[in-house]
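Everything on this sheet refers to the single structure shown next.
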Amino acid sequence: MPRESVYEFEPLLVKGFKDREQTKFPNRSLLLAACAACIGGTFQYGYNISVINAPTMYVHEFINQTWRERYQTDISEEILTLLWSTIVSIFTVGGFIGATIGGTLSVKLGRKGALLTNNIFALMAALLMGLSYPTGLFELLIIGRFFTGINAGVAICVQPQYLGEIAPTALRGAMGMGTSIFITAGIFIGQVNGLKELLGKEEYWPILLTTTCIPAFLQLLILPWFPESPRYLLIDKGDEEGCKKALKQLHGASYDDEWEDIEKEKNNFSGFQAKKPWELLTDRSVRWQLLTIVLLNIAQQMNGINAIYFYAGYLFKQSGIPAHKIPYVTIGTGACECITALTCGMLIECLGRKVLITGGYTLMSICCILFTLTLSFQDASPVIPYLSMICVFAFILSFGLGPGGVTNILTTELFTQTTRPAAYMIAGSVNWLSFFLIGLVFPFIVLGLQQYCFLVFLVICSLMATYIFFVIPETKNKTFLEIQNEFQSSNNKNARRADGARTTLLTSSI
C-alpha cells in the first residue's frame, strides 16, 4: 500500500482507537454519578443486613434490662426471642413497602429525586436507633429497622434504574454491576465495623446502628452535583435541553449515539404513560419478560446462599478455627463476595449476561451436590471439614459471578422506559417476599432435611440454569428497543406455533 494511503487512513484509525477507548472506559463524571447513587442506595441495603449481627447479645441484654426496669421481672426466653426476631425481620417488611412505592417515586420525582428523598428514611432510622438506648425504649429499634427496610426497598428499586439509564449501551452491564458491588461492599463494611476492635464493644452498639446515617449524608452532599437520568428527562418530561445537558456531563462531547437511541425510544412510545404494576401484569406483550424477572428474583433468594451463610459458622468451628476467630473468617466470606462482584463487573461486557448467570447457577448446582456429600461424611476424615469450607467459598464465588450481579441488570434491560418502574416494583416485591419467606421457612427445612436441604437448592439452581439457557436472549450491546423487539419476535413465533397446532387439531378432528 502506498505511504500516502496509510497517512490518509491514520486519522480514521486514531478515531476508531479513541472510540474503542471511550467505550471501554466510562467518563469520570459518569463513574462518580454511579458511586454517588450507590453509596446511599444499595450500599445501605448490604450494610443494614450485616451490621445487625454484631450487637445481637448486647441488644438482648438491653431488652432484658429495660423489661426488668419496667416490670420488675426478667423477660421470658420466648418473648425475648420474639422481640429480637421482630427487630431483625421487620427490615424485610419495610423493604417490601419500599419496593411497592419505589417505582411510583421514580416516576413522580425522577430517579435522582427519588434517591435523594429516600435518605429521609435512613436519617430517621439512625436517629431512632441512636435514641433507643438513652431513652430505654427498645421499640425504637423496631421502628428504626422498619425505616432502614423502606430505605433499602426504595434504593434497590430506583438505583438500578438510574444506573441503567445514565450508562451508554456498551457499558450498561458494567455500570449496572455497581448495584451488586455496593451491596457486597455494604455487607463487608458492616462486618468490619462490627468487630470488637472498632464498634463491636458493648458500649458502642448504639453508635454502630446509627452509622447508617453516614452513607445518607454522603449521598446528599455528592449526588446533587450530578444530573437526572437523561432518559427520564426526555421520555418522561420532554425536556430536550435538560437531556442534552445531562448527556454532555455524563458522556462528554460525543453523545450523539445515546441521544439518537433515547430519541428513538421516545418516538416509539410517544403518547404512552408509565404503566402501573397491575397494567403490566395484564400486558401480554411483556409476559415473558415479566415471568423471567419474577423467577429470577425468587431464585435469587431461594438458591441456597442464605443456607451457606447459616452453615458457615458451624463449618468454621468444625475445621478447628477458635470461636473468637470465626468473625474474622466470616469477614473473609464478605470480602470474597465483594471481590467476585468486582470481577463480574469486569467480565460482564466480555462474556455477556447469559453466560455469567447460566454459568453461575450451573456451578452453584455442582456446589450443592458436593456440599451435601461433604456434610454427610463430615466425620469420615479430618480433611472433610476443609473441603466443606472450600465449597462455602466456591458457592459464594459462583453466586457473585452470576445471580448476585446479573439479576438486577436484566430487570433493567428487559423493559423500556414506560414499563421499567412497574417492573421494578413487581420484581422488588417478589424479592422481598421471597427474602421474608426463606427466613421464615429455612429453619424448618434445615431441621427436617439437615444436610440434605441443599438438594432442594440443587433443584432450584438447575431449573433456573435451564430456563435462562432456553428462554432469555443475550442483551449485551443491545439497546432497550432491540431487546424488546427480540422478545416480541419470539412471542410472535410461539403464537404462530400455537395457532398452527390448533389448526392441525381442528383439521384432524374434521
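Here's how to read the names in the C-alpha cells: chain A, B, ... by the order shown, residue numbers from 1 in each chain, ligand numbers from 1 in the order shown.
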
Quick one: everything within 6 Å of Met425 of chain A, counting only C-alpha atoms, minus sequence neighbours fewer than 6 positions away in the same chain. Send it as JSON, numbers by chain. {"A": [99, 100, 103]}

Can you write just those residues out, all heavy atoms, as a short mmCIF file (atom, residue, chain, number, x, y, z; two decimals), in the first residue's frame?
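Once written, selection-v3.cif looks like this:
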```cif
data_model
loop_
_atom_site.label_atom_id
_atom_site.label_comp_id
_atom_site.auth_asym_id
_atom_site.auth_seq_id
_atom_site.Cartn_x
_atom_site.Cartn_y
_atom_site.Cartn_z
N ALA A 99 -40.23 -1.28 48.19
CA ALA A 99 -40.28 -1.74 46.79
C ALA A 99 -41.59 -1.34 46.13
O ALA A 99 -41.62 -1.00 44.94
CB ALA A 99 -40.10 -3.26 46.73
N THR A 100 -42.69 -1.37 46.89
CA THR A 100 -44.00 -1.04 46.30
C THR A 100 -44.16 0.45 46.03
O THR A 100 -44.93 0.85 45.15
CB THR A 100 -45.17 -1.50 47.21
OG1 THR A 100 -45.03 -0.86 48.49
CG2 THR A 100 -45.17 -3.00 47.39
N GLY A 103 -41.14 2.48 42.65
CA GLY A 103 -41.44 2.76 41.24
C GLY A 103 -42.22 4.05 41.08
O GLY A 103 -41.94 4.87 40.19
#
```

List as a tab-separated table every residue of segment 239-358 of chain A that is in contact with segment 395-398 of chain A, defined as an atom at most 8 Å from one of its atoms (using only C-alpha atoms), together with the nearest atom pair and the distance in Å rounded to one decimal, sorted by chain and then rising number.
```
residue	atom	partner	partner_atom	distance
A:Ile305	CA	A:Ile396	CA	7.1
A:Ile308	CA	A:Phe395	CA	7.8
A:Thr333	CA	A:Ile396	CA	7.5
A:Cys336	CA	A:Leu397	CA	6.9
A:Glu337	CA	A:Ile396	CA	6.1
A:Thr340	CA	A:Leu397	CA	5.8
```

Residue subset to file, keeping all heavy atoms, as a compact mmCIF listing (two decimals), in the first residue's frame:
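New file result.txt:
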```txt
# COMPACT_ATOMS: atom_id res chain seq x y z
N ILE A 305 -27.97 -19.40 48.99
CA ILE A 305 -26.92 -18.52 49.51
C ILE A 305 -27.13 -18.25 51.00
O ILE A 305 -26.16 -18.18 51.77
CB ILE A 305 -26.85 -17.19 48.70
CG1 ILE A 305 -25.61 -16.37 49.09
CG2 ILE A 305 -28.11 -16.36 48.85
CD1 ILE A 305 -24.30 -16.97 48.68
N ILE A 308 -25.90 -21.24 52.97
CA ILE A 308 -24.44 -21.27 53.03
C ILE A 308 -23.95 -20.43 54.21
O ILE A 308 -23.09 -20.85 54.99
CB ILE A 308 -23.82 -20.76 51.71
CG1 ILE A 308 -23.98 -21.82 50.61
CG2 ILE A 308 -22.36 -20.38 51.87
CD1 ILE A 308 -23.12 -23.06 50.79
N THR A 333 -15.61 -14.24 53.99
CA THR A 333 -16.71 -14.57 53.05
C THR A 333 -17.27 -13.28 52.43
O THR A 333 -17.60 -13.25 51.25
CB THR A 333 -17.84 -15.35 53.74
OG1 THR A 333 -18.42 -14.56 54.77
CG2 THR A 333 -17.33 -16.66 54.33
N CYS A 336 -14.79 -12.06 49.95
CA CYS A 336 -14.85 -12.95 48.78
C CYS A 336 -15.99 -12.54 47.85
O CYS A 336 -15.82 -12.42 46.63
CB CYS A 336 -15.04 -14.39 49.26
SG CYS A 336 -15.36 -15.59 47.96
N GLU A 337 -17.17 -12.26 48.43
CA GLU A 337 -18.33 -11.86 47.63
C GLU A 337 -18.09 -10.50 46.97
O GLU A 337 -18.48 -10.27 45.82
CB GLU A 337 -19.58 -11.80 48.53
CG GLU A 337 -20.87 -11.90 47.75
CD GLU A 337 -22.11 -12.02 48.63
OE1 GLU A 337 -21.98 -12.26 49.83
OE2 GLU A 337 -23.20 -11.86 48.08
N THR A 340 -15.67 -10.92 44.06
CA THR A 340 -16.36 -11.60 42.97
C THR A 340 -17.25 -10.64 42.19
O THR A 340 -17.32 -10.69 40.96
CB THR A 340 -17.22 -12.76 43.52
OG1 THR A 340 -16.44 -13.56 44.37
CG2 THR A 340 -17.73 -13.64 42.40
```

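Pairwise distance (atom CA of Gln484 of chain A, atom CA of Ile409 of chain A) equals 14.8 Å.
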
Can you check which residues of segment 365-491 of chain A DSSP gives as helix (DSSP H, G or I) on the backbone and send them as a PyMOL selection string? chain A and resi 365-376+384-401+403-413+420-471+480-491

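Shortest atom-to-atom contact with Gln300 of chain A among A:Met124, A:Ile357, A:Leu131, A:Ala114: A:Ile357, counting only C-alpha atoms.
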
Shell around segment 74-86 of chain A at 7 Å using only C-alpha atoms, local window under 3 positions removed, as a PyMOL selection string: chain A and resi 64+67-68+89-90+142
